[in-house]
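Q: Data: protein04.cif, mmCIF, C-alpha atoms.
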```cif
data_upload
#
loop_
_atom_site.label_atom_id
_atom_site.label_comp_id
_atom_site.auth_asym_id
_atom_site.auth_seq_id
_atom_site.Cartn_x
_atom_site.Cartn_y
_atom_site.Cartn_z
CA MET J 360 -84.62 35.84 24.61
CA LYS J 361 -85.43 32.97 22.26
CA LYS J 362 -88.49 34.85 21.05
CA HIS J 363 -86.35 37.91 20.29
CA TRP J 364 -83.84 35.77 18.52
CA LYS J 365 -86.50 34.15 16.34
CA SER J 366 -87.99 37.48 15.32
CA ILE J 367 -84.52 38.87 14.52
CA MET J 368 -83.75 35.85 12.38
CA ALA J 369 -87.13 36.17 10.62
CA TRP J 370 -86.44 39.81 9.82
CA MET J 371 -82.92 39.02 8.69
CA GLY J 372 -84.17 36.22 6.46
CA MET J 373 -86.83 38.44 4.92
CA LEU J 374 -84.36 41.25 4.25
CA THR J 375 -81.93 38.79 2.71
CA LEU J 376 -84.67 37.55 0.40
CA LEU J 377 -86.00 40.97 -0.50
CA LEU J 378 -82.74 42.74 -1.02
CA PRO J 379 -80.67 40.41 -3.18
CA GLU J 380 -81.22 42.73 -6.14
CA LEU J 381 -79.03 45.19 -4.33
CA VAL J 382 -76.03 42.93 -3.84
CA LEU J 383 -72.94 43.95 -5.79
CA ALA J 384 -74.82 46.93 -7.14
CA ALA J 385 -71.67 48.98 -6.97
CA ALA J 386 -69.66 46.63 -9.12
CA GLU J 387 -68.74 48.03 -12.47
CA LYS J 388 -71.93 48.22 -14.47
CA ALA J 389 -71.87 46.01 -17.54
CA SER J 390 -72.45 48.16 -20.59
CA LEU J 391 -75.81 48.11 -22.27
CA MET J 392 -74.21 46.90 -25.52
CA VAL J 393 -75.67 43.55 -26.67
CA ILE J 394 -73.08 40.83 -27.28
CA VAL J 395 -73.99 37.98 -29.62
CA ALA J 396 -71.98 34.76 -29.71
CA ASP J 397 -70.69 33.79 -33.14
CA THR J 398 -71.94 30.22 -33.66
CA ARG J 399 -70.80 29.80 -37.27
CA LYS J 400 -67.58 27.96 -36.45
CA LEU J 401 -69.01 25.99 -33.50
CA THR J 402 -70.26 22.41 -33.42
CA GLY J 403 -71.66 20.01 -30.80
CA TRP J 404 -71.97 21.21 -27.21
CA GLU J 405 -70.22 24.49 -28.01
CA ALA J 406 -72.84 25.35 -30.62
CA TRP J 407 -75.64 24.34 -28.23
CA TRP J 408 -74.16 26.47 -25.46
CA ALA J 409 -73.62 29.53 -27.67
CA ASN J 410 -77.14 29.17 -29.09
CA LEU J 411 -78.58 29.01 -25.60
CA TYR J 412 -76.73 32.26 -24.82
CA ASN J 413 -78.07 33.96 -27.97
CA GLU J 414 -81.64 32.76 -27.53
CA SER J 415 -82.27 33.26 -23.82
CA HIS J 416 -80.05 34.87 -21.22
CA LEU J 417 -82.51 33.66 -18.61
CA TYR J 418 -82.04 29.92 -19.38
CA PHE J 419 -78.33 30.55 -19.82
CA THR J 420 -78.25 32.11 -16.34
CA ILE J 421 -80.23 29.27 -14.77
CA VAL J 422 -77.87 26.65 -16.25
CA THR J 423 -74.82 28.67 -15.14
CA VAL J 424 -76.06 29.27 -11.59
CA ILE J 425 -76.92 25.59 -11.14
CA SER J 426 -73.70 24.38 -12.77
CA ILE J 427 -71.29 26.42 -10.64
CA PRO J 428 -72.21 25.04 -7.19
CA VAL J 429 -72.65 21.51 -8.58
CA ILE J 430 -69.23 21.57 -10.25
CA GLY J 431 -67.71 23.21 -7.17
CA LEU J 432 -69.20 20.49 -5.00
CA LEU J 433 -67.93 17.70 -7.28
CA PHE J 434 -64.42 19.13 -7.42
CA GLY J 435 -64.51 19.67 -3.67
CA ILE J 436 -65.46 16.05 -3.00
CA LEU J 437 -62.82 14.85 -5.45
CA ALA J 438 -60.12 16.92 -3.77
CA ASP J 439 -61.35 15.58 -0.40
CA LEU J 440 -60.87 12.01 -1.57
CA VAL J 441 -57.35 12.74 -2.77
CA MET J 442 -56.39 14.44 0.51
CA ARG J 443 -57.91 11.67 2.62
CA ASN J 444 -55.93 9.12 0.63
CA ILE J 445 -52.76 11.05 1.36
CA GLY J 446 -53.62 10.73 5.06
CA ILE J 447 -54.56 14.28 6.05
CA ASP J 448 -57.21 14.60 8.77
CA LEU J 449 -59.89 16.77 7.18
CA SER J 450 -62.41 16.69 9.99
CA SER J 451 -60.68 18.59 12.77
CA ARG J 452 -57.95 21.04 13.59
CA GLU J 453 -56.14 21.09 16.89
CA LEU J 454 -55.44 24.79 17.01
CA ALA J 455 -57.76 26.77 19.22
CA GLU J 456 -55.89 30.02 19.28
CA HIS J 457 -56.41 33.43 17.86
CA MET V 710 -49.39 23.05 -29.57
CA ASP V 711 -52.95 23.84 -30.59
CA TRP V 712 -54.31 21.53 -27.91
CA LEU V 713 -53.12 24.00 -25.26
CA TYR V 714 -55.63 26.55 -26.52
CA ILE V 715 -59.39 26.44 -26.20
CA LEU V 716 -62.05 28.45 -27.99
CA MET V 717 -64.40 30.31 -25.68
CA PRO V 718 -67.82 29.75 -27.28
CA ILE V 719 -69.43 32.99 -26.10
CA SER V 720 -66.67 35.58 -26.40
CA GLY V 721 -65.13 33.85 -29.43
CA VAL V 722 -61.52 34.23 -28.23
CA THR V 723 -58.93 31.46 -28.00
CA ILE V 724 -57.39 31.16 -24.55
CA PHE V 725 -54.33 29.30 -23.21
CA TRP V 726 -56.26 27.01 -20.84
CA PRO V 727 -53.35 25.88 -18.59
CA GLY V 728 -52.97 29.58 -17.74
CA LEU V 729 -56.56 29.62 -16.47
CA ILE V 730 -55.87 26.56 -14.30
CA ILE V 731 -52.67 28.09 -12.86
CA LEU V 732 -54.50 31.34 -12.12
CA GLY V 733 -57.31 29.32 -10.50
CA ILE V 734 -54.84 27.44 -8.31
CA GLY V 735 -53.17 30.68 -7.17
CA VAL V 736 -56.34 32.55 -6.24
CA GLY V 737 -57.86 29.35 -4.84
CA ILE V 738 -54.97 28.97 -2.41
CA ILE V 739 -55.01 32.63 -1.37
CA GLY V 740 -58.81 32.81 -1.19
CA GLY V 741 -59.10 29.67 0.93
CA PHE V 742 -56.33 30.85 3.21
CA PHE V 743 -57.33 34.48 3.72
CA GLY V 744 -61.09 34.20 3.24
CA MET V 745 -61.58 36.51 0.31
CA GLY V 746 -62.78 36.35 -3.27
CA GLY V 747 -59.64 37.92 -4.70
CA ALA V 748 -61.11 39.79 -7.68
CA TRP V 749 -58.23 42.28 -7.46
CA MET V 750 -55.83 39.43 -8.28
CA VAL V 751 -57.85 37.68 -10.99
CA THR V 752 -58.63 40.58 -13.32
CA PRO V 753 -54.98 41.39 -14.23
CA GLY V 754 -54.36 37.66 -14.74
CA LEU V 755 -57.31 37.30 -17.10
CA ASN V 756 -56.14 40.39 -18.96
CA ILE V 757 -52.73 38.87 -19.57
CA LEU V 758 -54.31 35.68 -20.88
CA GLY V 759 -56.14 37.80 -23.46
CA PHE V 760 -59.57 37.66 -21.91
CA PRO V 761 -61.96 40.40 -23.09
CA MET V 762 -62.75 42.81 -20.28
CA ALA V 763 -66.49 42.59 -21.01
CA PHE V 764 -66.40 39.03 -19.68
CA ALA V 765 -63.62 39.28 -17.10
CA ILE V 766 -65.66 40.43 -14.11
CA GLY V 767 -68.60 38.06 -14.63
CA THR V 768 -66.32 35.08 -15.22
CA ASP V 769 -64.26 35.97 -12.17
CA ILE V 770 -67.37 36.20 -9.95
CA ALA V 771 -68.74 32.91 -11.32
CA HIS V 772 -65.56 31.01 -10.50
CA MET V 773 -65.34 32.82 -7.14
CA ALA V 774 -68.77 31.44 -6.11
CA GLY V 775 -67.71 27.84 -6.81
CA LYS V 776 -64.33 28.28 -5.18
CA SER V 777 -65.80 29.83 -2.04
CA LEU V 778 -68.29 26.97 -1.79
CA ILE V 779 -65.42 24.46 -1.71
CA SER V 780 -63.50 26.51 0.86
CA THR V 781 -66.61 27.08 3.02
CA MET V 782 -67.35 23.33 3.05
CA ARG V 783 -63.84 22.57 4.25
CA HIS V 784 -63.71 25.43 6.78
CA GLY V 785 -67.16 24.35 8.01
CA LYS V 786 -65.83 20.87 8.81
CA PHE V 787 -62.94 22.40 10.73
CA GLY V 788 -65.48 24.42 12.76
CA ASN V 789 -64.27 27.68 11.23
CA VAL V 790 -67.63 28.95 9.97
CA ASP V 791 -70.11 30.71 12.23
CA TYR V 792 -73.22 30.48 10.05
CA ARG V 793 -75.38 32.53 12.42
CA LEU V 794 -72.84 35.37 12.41
CA GLY V 795 -72.45 35.04 8.64
CA LEU V 796 -76.20 35.35 8.02
CA ILE V 797 -76.57 38.35 10.30
CA MET V 798 -73.60 40.05 8.67
CA LEU V 799 -74.95 39.31 5.22
CA VAL V 800 -77.91 41.59 5.86
CA GLY V 801 -75.71 44.47 7.05
CA THR V 802 -73.39 43.92 4.09
CA ILE V 803 -76.22 44.03 1.54
CA ILE V 804 -77.73 47.22 2.93
CA GLY V 805 -74.32 48.86 3.40
CA PHE V 806 -73.30 47.89 -0.11
CA GLU V 807 -76.36 49.50 -1.65
CA VAL V 808 -75.97 52.69 0.41
CA GLY V 809 -72.31 52.87 -0.71
CA ALA V 810 -73.25 52.18 -4.34
CA GLN V 811 -75.94 54.87 -4.36
CA MET V 812 -73.55 57.30 -2.72
CA ILE V 813 -70.87 56.68 -5.35
CA MET V 814 -73.40 57.20 -8.16
CA TRP V 815 -74.41 60.49 -6.57
CA LEU V 816 -70.75 61.49 -6.23
CA GLU V 817 -70.10 60.49 -9.85
CA ARG V 818 -72.50 63.17 -10.97
CA LEU V 819 -70.32 65.68 -9.12
CA GLY V 820 -67.26 64.48 -11.08
CA LYS V 821 -63.66 63.34 -10.32
CA VAL V 822 -64.99 60.65 -8.05
CA GLU V 823 -62.70 57.90 -9.36
CA LEU V 824 -59.59 59.75 -8.21
CA TYR V 825 -60.98 60.24 -4.70
CA VAL V 826 -62.12 56.63 -4.52
CA ARG V 827 -58.61 55.41 -5.39
CA TRP V 828 -57.08 57.61 -2.72
CA MET V 829 -59.65 56.41 -0.23
CA TYR V 830 -58.78 52.82 -1.15
CA ILE V 831 -55.08 53.53 -0.52
CA ILE V 832 -55.84 55.12 2.85
CA LEU V 833 -58.03 52.17 3.82
CA LEU V 834 -55.41 49.60 2.79
CA THR V 835 -52.76 51.54 4.73
CA LEU V 836 -55.00 51.52 7.81
CA ILE V 837 -55.62 47.76 7.50
CA ALA V 838 -51.90 47.05 7.08
CA TRP V 839 -51.09 49.31 10.06
CA MET V 840 -53.78 47.57 12.15
CA VAL V 841 -52.39 44.11 11.36
CA PHE V 842 -48.76 44.95 12.06
CA ALA V 843 -49.56 47.07 15.14
CA ASP V 844 -51.49 44.06 16.43
CA VAL V 845 -48.54 41.73 15.81
CA ALA V 846 -46.12 44.17 17.48
CA LYS V 847 -48.41 44.56 20.51
CA LYS V 848 -48.77 40.81 20.90
CA LYS V 849 -45.00 40.36 20.78
CA LYS V 850 -44.60 43.12 23.38
CA LYS V 851 -47.06 41.32 25.66
CA GLU V 852 -45.13 38.09 25.22
CA ARG V 853 -41.84 39.80 26.06
CA GLU V 854 -43.37 41.32 29.18
CA SER V 855 -44.77 37.94 30.28
CA MET V 856 -41.37 36.34 29.80
CA ALA V 857 -39.67 39.13 31.75
CA ARG V 858 -42.08 38.51 34.64
CA GLY V 859 -41.35 34.80 34.41
CA GLU V 860 -44.97 34.00 33.55
CA GLU V 861 -46.15 31.49 30.99
CA ILE V 862 -47.11 32.98 27.61
CA ASP V 863 -50.86 32.95 27.05
CA LYS V 864 -51.42 31.26 23.69
CA LEU V 865 -54.85 32.85 23.35
CA ALA V 866 -53.51 36.36 23.94
CA THR V 867 -54.04 38.90 21.21
CA GLY V 868 -52.43 42.27 20.53
CA ILE V 869 -55.13 44.79 19.65
CA GLU V 870 -58.27 44.09 21.66
CA TRP V 871 -60.78 46.70 20.49
CA HIS V 872 -63.45 44.02 20.38
CA LYS V 873 -63.33 43.70 24.19
CA THR V 874 -64.41 47.33 24.51
CA LEU V 875 -67.15 46.84 21.92
CA HIS V 876 -68.39 43.71 23.72
CA LYS V 877 -69.10 45.90 26.76
CA LEU V 878 -72.00 47.46 24.86
CA LYS V 879 -75.05 45.72 26.28
CA ILE V 880 -77.75 46.87 23.87
CA PRO V 881 -80.40 44.13 23.67
CA PRO V 882 -80.78 41.64 22.16
CA MET V 883 -77.51 39.98 23.10
CA VAL V 884 -76.36 37.04 20.99
CA HIS V 885 -73.93 34.20 21.54
CA PHE V 886 -71.99 33.13 18.48
CA LYS V 887 -70.84 29.62 19.33
CA GLU V 888 -68.13 29.01 16.74
CA ALA V 889 -66.75 32.54 17.04
CA GLN V 890 -66.88 32.30 20.86
CA VAL V 891 -68.34 35.77 20.97
CA TYR V 892 -71.14 37.11 23.18
CA CYS V 893 -72.20 40.58 22.15
CA THR V 894 -75.10 42.77 21.12
CA VAL V 895 -76.57 41.75 17.76
CA TRP V 896 -76.11 45.36 16.64
CA LEU V 897 -72.32 45.03 16.68
CA PRO V 898 -72.01 42.59 13.73
CA ILE V 899 -74.85 44.41 11.94
CA PHE V 900 -73.08 47.75 12.32
CA VAL V 901 -69.66 46.35 11.39
CA SER V 902 -71.03 44.57 8.31
CA PHE V 903 -72.96 47.69 7.30
CA LEU V 904 -69.74 49.70 7.53
CA THR V 905 -67.65 47.18 5.60
CA GLY V 906 -70.45 46.76 3.03
CA TRP V 907 -70.69 50.54 2.65
CA LEU V 908 -66.93 50.81 2.09
CA ALA V 909 -67.00 47.92 -0.40
CA GLY V 910 -69.92 49.60 -2.22
CA ILE V 911 -68.03 52.88 -2.45
CA LEU V 912 -64.81 51.23 -3.57
CA GLY V 913 -66.53 48.85 -6.00
CA ILE V 914 -64.90 45.74 -4.54
CA GLY V 915 -66.23 42.46 -3.12
CA GLY V 916 -65.25 43.38 0.42
CA GLY V 917 -63.46 40.27 1.73
CA LEU V 918 -60.30 42.33 2.11
CA ILE V 919 -62.08 44.63 4.58
CA ARG V 920 -64.49 42.17 6.21
CA MET V 921 -61.88 39.64 7.33
CA PRO V 922 -59.88 42.09 9.52
CA ALA V 923 -63.14 43.71 10.69
CA LEU V 924 -64.36 40.33 11.94
CA ILE V 925 -61.12 39.91 13.89
CA TYR V 926 -60.61 43.38 15.33
CA PHE V 927 -64.16 44.65 15.84
CA VAL V 928 -66.29 41.53 16.29
CA GLY V 929 -63.56 39.56 18.08
CA CYS V 930 -63.54 36.37 15.97
CA PRO V 931 -60.51 34.10 16.12
CA THR V 932 -58.56 34.40 12.84
CA HIS V 933 -59.64 30.99 11.51
CA VAL V 934 -63.33 31.68 12.17
CA ALA V 935 -63.02 35.12 10.54
CA VAL V 936 -61.60 33.45 7.42
CA GLY V 937 -64.31 30.75 7.28
CA THR V 938 -67.23 33.08 8.03
CA ASP V 939 -66.04 35.60 5.49
CA LEU V 940 -65.85 32.88 2.83
CA PHE V 941 -69.45 31.90 3.63
CA GLU V 942 -70.48 35.48 2.80
CA VAL V 943 -68.32 35.56 -0.33
CA MET V 944 -70.02 32.34 -1.48
CA ILE V 945 -73.54 33.78 -1.21
CA SER V 946 -72.75 37.17 -2.69
CA GLY V 947 -70.65 35.44 -5.40
CA LEU V 948 -73.59 33.26 -6.46
CA TYR V 949 -75.86 36.25 -6.68
CA GLY V 950 -73.18 38.24 -8.55
CA ALA V 951 -72.73 35.33 -10.98
CA ALA V 952 -76.48 35.31 -11.64
CA THR V 953 -76.70 39.05 -12.35
CA TYR V 954 -73.62 39.19 -14.56
CA THR V 955 -74.67 36.06 -16.46
CA TYR V 956 -78.13 37.49 -17.02
CA LYS V 957 -76.45 40.54 -18.55
CA GLY V 958 -74.57 38.11 -20.80
CA ARG V 959 -71.15 38.79 -19.31
CA THR V 960 -70.03 35.35 -18.10
CA GLU V 961 -67.93 32.80 -19.95
CA LEU V 962 -68.86 29.64 -18.07
CA VAL V 963 -66.29 27.48 -19.89
CA ALA V 964 -63.47 29.69 -18.58
CA ALA V 965 -65.04 29.76 -15.10
CA ILE V 966 -65.17 25.94 -15.03
CA ILE V 967 -61.56 25.62 -16.19
CA MET V 968 -60.49 28.08 -13.49
CA LEU V 969 -62.60 26.13 -11.01
CA VAL V 970 -60.56 22.97 -11.73
CA GLY V 971 -57.48 24.80 -10.47
CA ALA V 972 -59.35 26.70 -7.78
CA ALA V 973 -60.79 23.45 -6.36
CA MET V 974 -57.28 22.17 -5.73
CA GLY V 975 -56.03 25.57 -4.59
CA ALA V 976 -58.95 26.17 -2.24
CA GLN V 977 -58.31 22.83 -0.53
CA VAL V 978 -54.62 23.60 -0.15
CA GLY V 979 -55.32 27.11 1.21
CA THR V 980 -57.99 25.88 3.62
CA VAL V 981 -56.01 22.89 4.89
CA ALA V 982 -52.97 25.18 5.34
CA THR V 983 -54.95 27.11 8.00
CA LYS V 984 -54.73 23.89 10.05
CA TYR V 985 -50.98 24.18 10.27
CA ILE V 986 -50.40 27.93 10.36
CA LYS V 987 -51.18 29.80 13.56
CA GLY V 988 -53.69 32.63 13.58
CA TYR V 989 -50.98 35.25 13.71
CA GLY V 990 -49.17 33.63 10.79
CA ILE V 991 -52.32 34.17 8.74
CA ARG V 992 -52.59 37.77 9.93
CA ILE V 993 -48.99 38.59 8.95
CA ALA V 994 -49.35 37.03 5.49
CA PHE V 995 -52.64 38.91 5.08
CA GLY V 996 -50.92 42.18 6.03
CA LEU V 997 -48.28 41.57 3.35
CA ALA V 998 -51.01 40.87 0.75
CA VAL V 999 -52.71 44.14 1.71
CA ILE V 1000 -49.43 46.06 1.29
CA GLY V 1001 -48.93 44.49 -2.18
CA CYS V 1002 -52.49 45.40 -3.15
CA GLY V 1003 -51.94 48.97 -1.90
CA ILE V 1004 -48.72 49.39 -3.92
CA SER V 1005 -50.49 48.18 -7.06
CA VAL V 1006 -53.25 50.77 -6.53
CA VAL V 1007 -50.61 53.50 -6.10
CA MET V 1008 -49.00 52.34 -9.37
CA LYS V 1009 -52.33 52.70 -11.14
CA LEU V 1010 -52.76 56.17 -9.67
CA LEU V 1011 -49.31 57.61 -10.51
CA PRO V 1012 -49.89 58.02 -14.28
CA ARG V 1013 -52.63 60.55 -13.47
CA TYR V 1014 -49.87 62.85 -12.29
CA ILE V 1015 -47.11 61.64 -14.65
CA PRO V 1016 -48.90 60.45 -17.85
CA SER V 1017 -45.68 59.22 -19.51
CA TRP V 1018 -45.42 56.51 -16.83
CA LYS V 1019 -48.72 54.88 -17.78
CA VAL V 1020 -47.41 51.93 -19.81
CA ALA V 1021 -44.60 51.17 -17.36
CA MET V 1022 -46.87 51.47 -14.31
CA ASP V 1023 -49.64 49.31 -15.79
CA ALA V 1024 -47.15 46.58 -16.64
CA SER V 1025 -45.39 46.88 -13.26
CA SER V 1026 -48.62 46.66 -11.26
CA THR V 1027 -49.68 43.52 -13.18
CA VAL V 1028 -46.26 41.95 -12.57
CA LEU V 1029 -46.46 42.94 -8.89
CA ILE V 1030 -49.90 41.41 -8.38
CA LEU V 1031 -49.09 38.19 -10.22
CA GLY V 1032 -45.74 37.99 -8.42
CA LEU V 1033 -47.52 38.46 -5.11
CA VAL V 1034 -50.05 35.75 -5.97
CA ALA V 1035 -47.21 33.38 -6.95
CA ALA V 1036 -45.11 34.12 -3.83
CA LEU V 1037 -48.00 33.84 -1.36
CA SER V 1038 -49.35 30.69 -3.01
CA LEU V 1039 -45.93 29.10 -2.88
CA TYR V 1040 -45.47 30.03 0.80
CA ILE V 1041 -48.90 28.61 1.73
CA LEU V 1042 -48.33 25.46 -0.34
CA VAL V 1043 -44.94 24.80 1.26
CA ARG V 1044 -46.33 25.35 4.79
CA MET V 1045 -49.28 23.08 4.03
CA LEU V 1046 -46.98 20.33 2.71
CA GLN V 1047 -44.69 20.64 5.74
CA GLY V 1048 -47.65 20.46 8.12
CA ALA V 1049 -49.22 17.50 6.31
CA LYS V 1050 -45.89 15.67 6.33
CA GLN V 1051 -45.54 16.16 10.09
CA GLU V 1052 -49.13 15.03 10.67
CA ILE V 1053 -48.70 11.89 8.58
CA THR V 1054 -45.38 11.07 10.24
CA ALA V 1055 -46.95 11.54 13.69
CA LYS V 1056 -49.85 9.24 12.74
CA LYS V 1057 -47.45 6.58 11.51
CA GLY V 1058 -45.46 6.91 14.73
CA GLN V 1059 -48.61 6.32 16.82
CA ALA V 1060 -49.65 3.29 14.74
#
```
Take the structure from the file and write it as structure tokens.

A:
Amino acid sequence: MKKHWKSIMAWMGMLTLLLPELVLAAAEKASLMVIVADTRKLTGWEAWWANLYNESHLYFTIVTVISIPVIGLLFGILADLVMRNIGIDLSSRELAEH
Amino acid sequence: MDWLYILMPISGVTIFWPGLIILGIGVGIIGGFFGMGGAWMVTPGLNILGFPMAFAIGTDIAHMAGKSLISTMRHGKFGNVDYRLGLIMLVGTIIGFEVGAQMIMWLERLGKVELYVRWMYIILLTLIAWMVFADVAKKKKKERESMARGEEIDKLATGIEWHKTLHKLKIPPMVHFKEAQVYCTVWLPIFVSFLTGWLAGILGIGGGLIRMPALIYFVGCPTHVAVGTDLFEVMISGLYGAATYTYKGRTELVAAIIMLVGAAMGAQVGTVATKYIKGYGIRIAFGLAVIGCGISVVMKLLPRYIPSWKVAMDASSTVLILGLVAALSLYILVRMLQGAKQEITAKKGQA
């Protein structure tokens, strides 16, 4: 049984790795029109960010995809601290019903 | 009052940023509570705030990935996430999604597909709402019968129990999902996720709205585990969606981060609220959300038959969705605060 389970998981893992291109394929297709950010009025980090977008969508994507989980994690931990301070038990729930 | 507006560096529009935070809080609460991404709620909200449509979907998906991560972390600590089930279902979802997407592209070439898809969406939402409320009615009937017999009410009893029939299928290999407390053939979650993925692909939606009830009624997950496991899937597909839309240049990260500030708080509230609201409470609220979503789709469909109603219907459906988000968020927030207050009082009493 364990052997079966391992091979199933291996297949599942491989499919998950090979097929990500297909995820959300049905979502509304973004148009092929190229959008360029107007950097003329921007300064500092905004200008850097807009320039990164204009110069390379790949780097822009990498920064975005790394930023989102990191920021999510930070906000999550912060909200955890606040809730713990209030006194809410965040590690268990008593309910075991449907 | 200029400080209340922020320039979006990529799209070049100026947005009322507190609006983004409020929207984030609302969808964060509902997403964490029901286990869905909630794209159908966010897009009208972003529209109202003046967000360009070219960036709305990508920005929504980007914030959804972060929000689902927060909710999954919290649900995981409560023991509400069955990662094994989630991973298996992810494969079925991906394949189903692509089959649905290819099918819709093929149908598009035949024409008029959008109209049929909308009608199919309405039928599906009606079925989900019927399933939820039929389940609630059946459970209440069982409780009444138990009381009439003088027996104790079984707290674990459920109304609709289709999953019990499906669990009788003994096609190897059989799998035990510990958190979900389900022992079934591995083909059951694969088939269910393929079906829900296929429907989501056809309808062009994320799929949380379909997957959550499917996990309950077909796989047999307790409501809380269905919510947590679904969020785990939303998190992974959301991250991938964020990557593809950003690569196409359709994500405004600044807006996504601002929404995430609100969603981080909202997701915690929604997730913690599941601690205090019974499984059937979640199901009823979910059924109401599905009805609201269905009415908004009908409102979008009506102008096809009565074109003069277009402006009124578009405005009404936006008001309905935002009203629904506000009402549900408020209900969940109040229940969470009441529960937390009781818990804290009880702790103080013990000390």

Q: Find the residues around Ile394 in chain J up to 12 Å (only C-alpha atoms counted), leave out those fewer than 2 positions away in its own chain, and share them as an mmCIF file with C-alpha atoms, keeping the file's coordinate frame.

A:
```
data_model
loop_
_atom_site.group_PDB
_atom_site.id
_atom_site.type_symbol
_atom_site.label_atom_id
_atom_site.label_comp_id
_atom_site.auth_asym_id
_atom_site.auth_seq_id
_atom_site.Cartn_x
_atom_site.Cartn_y
_atom_site.Cartn_z
ATOM 1 C CA ALA J 389 -71.870 46.010 -17.540
ATOM 2 C CA SER J 390 -72.450 48.160 -20.590
ATOM 3 C CA LEU J 391 -75.810 48.110 -22.270
ATOM 4 C CA MET J 392 -74.210 46.900 -25.520
ATOM 5 C CA ALA J 396 -71.980 34.760 -29.710
ATOM 6 C CA ASP J 397 -70.690 33.790 -33.140
ATOM 7 C CA ALA J 409 -73.620 29.530 -27.670
ATOM 8 C CA TYR J 412 -76.730 32.260 -24.820
ATOM 9 C CA ASN J 413 -78.070 33.960 -27.970
ATOM 10 C CA GLU J 414 -81.640 32.760 -27.530
ATOM 11 C CA HIS J 416 -80.050 34.870 -21.220
ATOM 12 C CA ILE V 719 -69.430 32.990 -26.100
ATOM 13 C CA SER V 720 -66.670 35.580 -26.400
ATOM 14 C CA GLY V 721 -65.130 33.850 -29.430
ATOM 15 C CA PRO V 761 -61.960 40.400 -23.090
ATOM 16 C CA ALA V 763 -66.490 42.590 -21.010
ATOM 17 C CA PHE V 764 -66.400 39.030 -19.680
ATOM 18 C CA THR V 955 -74.670 36.060 -16.460
ATOM 19 C CA TYR V 956 -78.130 37.490 -17.020
ATOM 20 C CA LYS V 957 -76.450 40.540 -18.550
ATOM 21 C CA GLY V 958 -74.570 38.110 -20.800
ATOM 22 C CA ARG V 959 -71.150 38.790 -19.310
ATOM 23 C CA THR V 960 -70.030 35.350 -18.100
#
```

Q: Show me which bits of chain V are within 6 Å of chain J, counting all atoms listed in the file, as a list of chain:residue names.

A: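 Here is what falls inside 6 Å: V:Pro718, V:Ile719, V:Gly775, V:Ile779, V:Lys786, V:Phe787, V:Val800, V:Ile803, V:Glu807, V:Ala810, V:Leu865, V:Gly910, V:Gly913, V:Pro931, V:Thr932, V:Ala952, V:Thr955, V:Tyr956, V:Ala973, V:Lys984, V:Gly988.
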
Q: Just the selected residues (C-alpha atoms), exported as a PDB file, in the frame of the given file, please.

A:
```pdb
ATOM      1  CA  PRO V 718     -67.820  29.750 -27.280  1.00  0.00           C
ATOM      2  CA  ILE V 719     -69.430  32.990 -26.100  1.00  0.00           C
ATOM      3  CA  GLY V 775     -67.710  27.840  -6.810  1.00  0.00           C
ATOM      4  CA  ILE V 779     -65.420  24.460  -1.710  1.00  0.00           C
ATOM      5  CA  LYS V 786     -65.830  20.870   8.810  1.00  0.00           C
ATOM      6  CA  PHE V 787     -62.940  22.400  10.730  1.00  0.00           C
ATOM      7  CA  VAL V 800     -77.910  41.590   5.860  1.00  0.00           C
ATOM      8  CA  ILE V 803     -76.220  44.030   1.540  1.00  0.00           C
ATOM      9  CA  GLU V 807     -76.360  49.500  -1.650  1.00  0.00           C
ATOM     10  CA  ALA V 810     -73.250  52.180  -4.340  1.00  0.00           C
ATOM     11  CA  LEU V 865     -54.850  32.850  23.350  1.00  0.00           C
ATOM     12  CA  GLY V 910     -69.920  49.600  -2.220  1.00  0.00           C
ATOM     13  CA  GLY V 913     -66.530  48.850  -6.000  1.00  0.00           C
ATOM     14  CA  PRO V 931     -60.510  34.100  16.120  1.00  0.00           C
ATOM     15  CA  THR V 932     -58.560  34.400  12.840  1.00  0.00           C
ATOM     16  CA  ALA V 952     -76.480  35.310 -11.640  1.00  0.00           C
ATOM     17  CA  THR V 955     -74.670  36.060 -16.460  1.00  0.00           C
ATOM     18  CA  TYR V 956     -78.130  37.490 -17.020  1.00  0.00           C
ATOM     19  CA  ALA V 973     -60.790  23.450  -6.360  1.00  0.00           C
ATOM     20  CA  LYS V 984     -54.730  23.890  10.050  1.00  0.00           C
ATOM     21  CA  GLY V 988     -53.690  32.630  13.580  1.00  0.00           C
TER      22      GLY V 988
END
```

Q: Would you write out, as number ranges by chain, every residue that the PyMOL selection byres ((chain V and resi 826-836) around 8) captures in this file?

A: V: 822-825, 837-840, 911-912, 999-1000, 1002-1003, 1006-1007, 1010

Q: Selected residues, C-alpha atoms, written as an mmCIF file, in the frame of the given file, please.

A:
```
data_model
loop_
_atom_site.group_PDB
_atom_site.id
_atom_site.type_symbol
_atom_site.label_atom_id
_atom_site.label_comp_id
_atom_site.auth_asym_id
_atom_site.auth_seq_id
_atom_site.Cartn_x
_atom_site.Cartn_y
_atom_site.Cartn_z
ATOM 1 C CA VAL V 822 -64.990 60.650 -8.050
ATOM 2 C CA GLU V 823 -62.700 57.900 -9.360
ATOM 3 C CA LEU V 824 -59.590 59.750 -8.210
ATOM 4 C CA TYR V 825 -60.980 60.240 -4.700
ATOM 5 C CA ILE V 837 -55.620 47.760 7.500
ATOM 6 C CA ALA V 838 -51.900 47.050 7.080
ATOM 7 C CA TRP V 839 -51.090 49.310 10.060
ATOM 8 C CA MET V 840 -53.780 47.570 12.150
ATOM 9 C CA ILE V 911 -68.030 52.880 -2.450
ATOM 10 C CA LEU V 912 -64.810 51.230 -3.570
ATOM 11 C CA VAL V 999 -52.710 44.140 1.710
ATOM 12 C CA ILE V 1000 -49.430 46.060 1.290
ATOM 13 C CA CYS V 1002 -52.490 45.400 -3.150
ATOM 14 C CA GLY V 1003 -51.940 48.970 -1.900
ATOM 15 C CA VAL V 1006 -53.250 50.770 -6.530
ATOM 16 C CA VAL V 1007 -50.610 53.500 -6.100
ATOM 17 C CA LEU V 1010 -52.760 56.170 -9.670
#
```
